[in-house]
Amino acid sequence: MLDECINYMNISNTNKQVIIDCTLGYGGHSLRILRETKLNCQLIAFDKDIDELNKTTSRINTLINRKLNIDTDIKNNIFIPIYDSFSNIADHVNNLQLAGKVDAVLADLGLSSMQIDNPNRGFTYKTNAPLDMRMDQNQPIKAIDIIRNNNIESLTEILFDNSDETHALDIASAIYSVNEYDERDIPTTSFELINKIRIGVRASHNKLRLPPPTKTDYDKAIARSMQAIRIEVNNEYKDLDLLLNSLPHILKPGGRVVILTFHSGEDRRVKQAFKDAYINGIYSDWSKDVIKPSFEEIRMNPRSRSAKLRWAIK
């Protein structure tokens with residue numbers, strides 16, 4: 001939904017704008033912003049994946065150097081990459097003396113293709129990998145640690161609260177089942193975790209006297225459960241809440257924020273924050289109706305099918 005993001009951000013090349021890309025990733029949004037503004041902007045981009053940040057920064061700097069034959073200090077002021085979570089956006093904006101001066105903020109909360117497609121990161125259930133799921137490879141807590149440090153009750157809460165998983169209790173029970181030696185048989189790889197989730201879904205269907213699970217039943221439960229654990233590993237809801245609370249402080253009057261979410265837990269938070277800020281007179285307008293990708297975009301990019309866009313204006 002790149003076109004929609006650019007449109008609702010109200011980007012211009014007439015006046016120099018301060019723009020923040022909260023999730024740099026592969027750089028698709030940032031590159032488009034630089035092209036739309038014809039480099040007449042100050043673009044600040046966050047990413048807590050240092051590998052992605054370095055690779056994308058190199059590509060963007062190459063573009064700027066090719067387009068502009070100007071002083072290095074000016075070039076450095078056009079694009080400012082920051083290795084950090086967007087949850088700390090207010091601190092960085094304050095340090096740059098830009099509080100209340102930001103024209104537009106974009107946050108694409110979807111996983112980067114580079115992360116999904118890397119079989120060693122553990123984000124996908126299509127390949128077997130250690131249970132990692134860290135966006136920031138320098139943080140200590142991995143997915144395996146979330147499983148080891150919880151129990152049936154607490155993991156049930158994680159699965160339900162983070163992803164609305166209806167089979168949460170039975171999946172958690174399967175994950176913490178014991179082996180023939182009466183030892184907890186904790187999964188350590190994505191395929192081992194998937195097998196436990198399947199066992200839990202079958203147990204739930206049997207308990208509720210439902211027909212045997214279909215492939216779709218299994219796939220949805222696997223996707224939701226792995227999403228819930230990933231959210232817990234990366235503190236995604238906490239980071240999003242901190243971002244939403246910081247936006248009124250950093251945006252200038254008339255400044256805009258555009259957020260792309262990919263599941264109901266994220267969208268509920270964004271919708272409620274925008275609505276509350278509008279009611280309290282902080283935002284002058286907001287997207288009461290969610291904006292979804294077109295059929296053509298879903299056909300071209302199947303990963304966009306669950307995307308939801310919301311915007312607000314200070």
# chains A, B, ... in the order shown; residues from 1 in each chain; ligands from 1
>>> closest_atom_pairs(of="stretch 191-308 of chain A", to="stretch 165-172 of chain A", cutoff="6 Å", atoms="only C-alpha atoms", output="JSON lines")
{"residue": "A:Ile197", "atom": "CA", "partner": "A:Ile171", "partner_atom": "CA", "distance": 5.2}
{"residue": "A:Gly200", "atom": "CA", "partner": "A:Ile171", "partner_atom": "CA", "distance": 4.0}
{"residue": "A:Ser204", "atom": "CA", "partner": "A:Asp170", "partner_atom": "CA", "distance": 5.8}
>>> write_last_selection(atoms="C-alpha atoms", output="mmCIF file, in the first residue's frame")
data_model
loop_
_atom_site.group_PDB
_atom_site.id
_atom_site.type_symbol
_atom_site.label_atom_id
_atom_site.label_comp_id
_atom_site.auth_asym_id
_atom_site.auth_seq_id
_atom_site.Cartn_x
_atom_site.Cartn_y
_atom_site.Cartn_z
ATOM 1 C CA ILE A 197 0.812 -26.821 18.109
ATOM 2 C CA GLY A 200 -2.760 -29.006 20.889
ATOM 3 C CA SER A 204 -8.877 -28.960 21.536
#
>>> residues_around(residues="stretch 21-30 of chain A", least_positions_apart="5", cutoff="7 Å", atoms="only C-alpha atoms", output="list in words")
Leu2, Ile44, Ala45, Phe46, Asp47, Glu52, Leu53, Thr56, Phe86, Val105, Leu106, Ala107, Asp108 and Ser112 of chain A
>>> write_last_selection(atoms="all heavy atoms", output="short mmCIF file (atom, residue, chain, number, x, y, z; two decimals), in the first residue's frame")
data_model
loop_
_atom_site.label_atom_id
_atom_site.label_comp_id
_atom_site.auth_asym_id
_atom_site.auth_seq_id
_atom_site.Cartn_x
_atom_site.Cartn_y
_atom_site.Cartn_z
N LEU A 2 1.92 1.20 -0.78
CA LEU A 2 2.89 2.29 -0.81
C LEU A 2 2.25 3.59 -1.30
O LEU A 2 2.47 4.67 -0.71
CB LEU A 2 4.07 1.90 -1.70
CG LEU A 2 5.23 2.88 -1.80
CD1 LEU A 2 5.75 3.25 -0.42
CD2 LEU A 2 6.35 2.28 -2.64
N ILE A 44 14.30 10.74 8.74
CA ILE A 44 14.85 10.00 9.88
C ILE A 44 14.24 8.60 9.84
O ILE A 44 13.02 8.46 9.76
CB ILE A 44 14.51 10.70 11.21
CG1 ILE A 44 15.02 12.15 11.17
CG2 ILE A 44 15.08 9.95 12.39
CD1 ILE A 44 14.33 13.05 12.17
N ALA A 45 15.09 7.58 9.89
CA ALA A 45 14.60 6.21 9.75
C ALA A 45 15.11 5.33 10.89
O ALA A 45 16.30 5.33 11.19
CB ALA A 45 15.02 5.62 8.41
N PHE A 46 14.18 4.59 11.50
CA PHE A 46 14.51 3.70 12.60
C PHE A 46 14.50 2.24 12.15
O PHE A 46 13.70 1.85 11.29
CB PHE A 46 13.47 3.83 13.73
CG PHE A 46 13.55 5.11 14.50
CD1 PHE A 46 12.97 6.27 14.01
CD2 PHE A 46 14.21 5.16 15.72
CE1 PHE A 46 13.03 7.45 14.72
CE2 PHE A 46 14.27 6.34 16.44
CZ PHE A 46 13.68 7.49 15.95
N ASP A 47 15.38 1.46 12.74
CA ASP A 47 15.30 0.00 12.61
C ASP A 47 16.13 -0.62 13.72
O ASP A 47 17.23 -0.14 14.01
CB ASP A 47 15.80 -0.50 11.25
CG ASP A 47 15.13 -1.82 10.86
OD1 ASP A 47 15.26 -2.78 11.64
OD2 ASP A 47 14.48 -1.87 9.82
N GLU A 52 19.80 -5.12 8.62
CA GLU A 52 18.95 -4.44 7.64
C GLU A 52 19.28 -2.95 7.59
O GLU A 52 19.32 -2.36 6.50
CB GLU A 52 17.47 -4.64 8.01
CG GLU A 52 16.94 -6.03 7.74
CD GLU A 52 15.46 -6.03 7.50
OE1 GLU A 52 14.87 -4.96 7.29
OE2 GLU A 52 14.87 -7.12 7.50
N LEU A 53 19.48 -2.35 8.74
CA LEU A 53 19.77 -0.92 8.78
C LEU A 53 21.03 -0.60 7.98
O LEU A 53 21.04 0.34 7.17
CB LEU A 53 19.95 -0.47 10.23
CG LEU A 53 20.16 1.03 10.44
CD1 LEU A 53 18.86 1.79 10.25
CD2 LEU A 53 20.73 1.31 11.82
N THR A 56 20.46 -1.25 4.05
CA THR A 56 19.56 -0.27 3.44
C THR A 56 20.18 1.12 3.46
O THR A 56 20.05 1.89 2.50
CB THR A 56 18.20 -0.27 4.15
OG1 THR A 56 17.65 -1.59 4.11
CG2 THR A 56 17.24 0.69 3.48
N PHE A 86 11.50 2.13 17.44
CA PHE A 86 10.71 3.37 17.31
C PHE A 86 10.01 3.74 18.61
O PHE A 86 9.45 4.82 18.74
CB PHE A 86 9.70 3.28 16.16
CG PHE A 86 8.75 2.12 16.24
CD1 PHE A 86 7.82 2.00 17.25
CD2 PHE A 86 8.76 1.13 15.25
CE1 PHE A 86 6.92 0.94 17.30
CE2 PHE A 86 7.88 0.06 15.29
CZ PHE A 86 6.95 -0.03 16.32
N VAL A 105 4.86 11.00 9.88
CA VAL A 105 5.42 9.79 10.47
C VAL A 105 4.76 8.59 9.81
O VAL A 105 3.54 8.56 9.65
CB VAL A 105 5.18 9.74 11.99
CG1 VAL A 105 5.69 8.41 12.56
CG2 VAL A 105 5.85 10.91 12.69
N LEU A 106 5.58 7.63 9.42
CA LEU A 106 5.08 6.39 8.83
C LEU A 106 5.60 5.21 9.63
O LEU A 106 6.79 5.14 9.95
CB LEU A 106 5.55 6.26 7.37
CG LEU A 106 5.28 4.91 6.69
CD1 LEU A 106 3.79 4.65 6.56
CD2 LEU A 106 5.96 4.85 5.33
N ALA A 107 4.71 4.27 9.95
CA ALA A 107 5.11 3.03 10.63
C ALA A 107 4.45 1.86 9.93
O ALA A 107 3.22 1.74 9.94
CB ALA A 107 4.72 3.07 12.10
N ASP A 108 5.26 1.04 9.29
CA ASP A 108 4.79 -0.20 8.66
C ASP A 108 5.15 -1.32 9.62
O ASP A 108 6.31 -1.69 9.76
CB ASP A 108 5.48 -0.38 7.31
CG ASP A 108 5.08 -1.67 6.61
OD1 ASP A 108 4.44 -2.53 7.25
OD2 ASP A 108 5.40 -1.83 5.42
N SER A 112 9.70 -7.53 7.79
CA SER A 112 10.45 -7.30 6.56
C SER A 112 10.61 -8.61 5.80
O SER A 112 10.79 -9.68 6.40
CB SER A 112 11.82 -6.72 6.88
OG SER A 112 12.70 -6.86 5.79
#
>>> atom_distance(atom1="atom CA of A:Ala228", atom2="atom CA of A:Ser154")
12.3 Å
>>> residues_around(residues="A:Asp91", least_positions_apart="4", cutoff="12 Å", atoms="only C-alpha atoms", output="ChimeraX atom specification")
/A:82,84-87,95-99,242-243,246-247,249-250
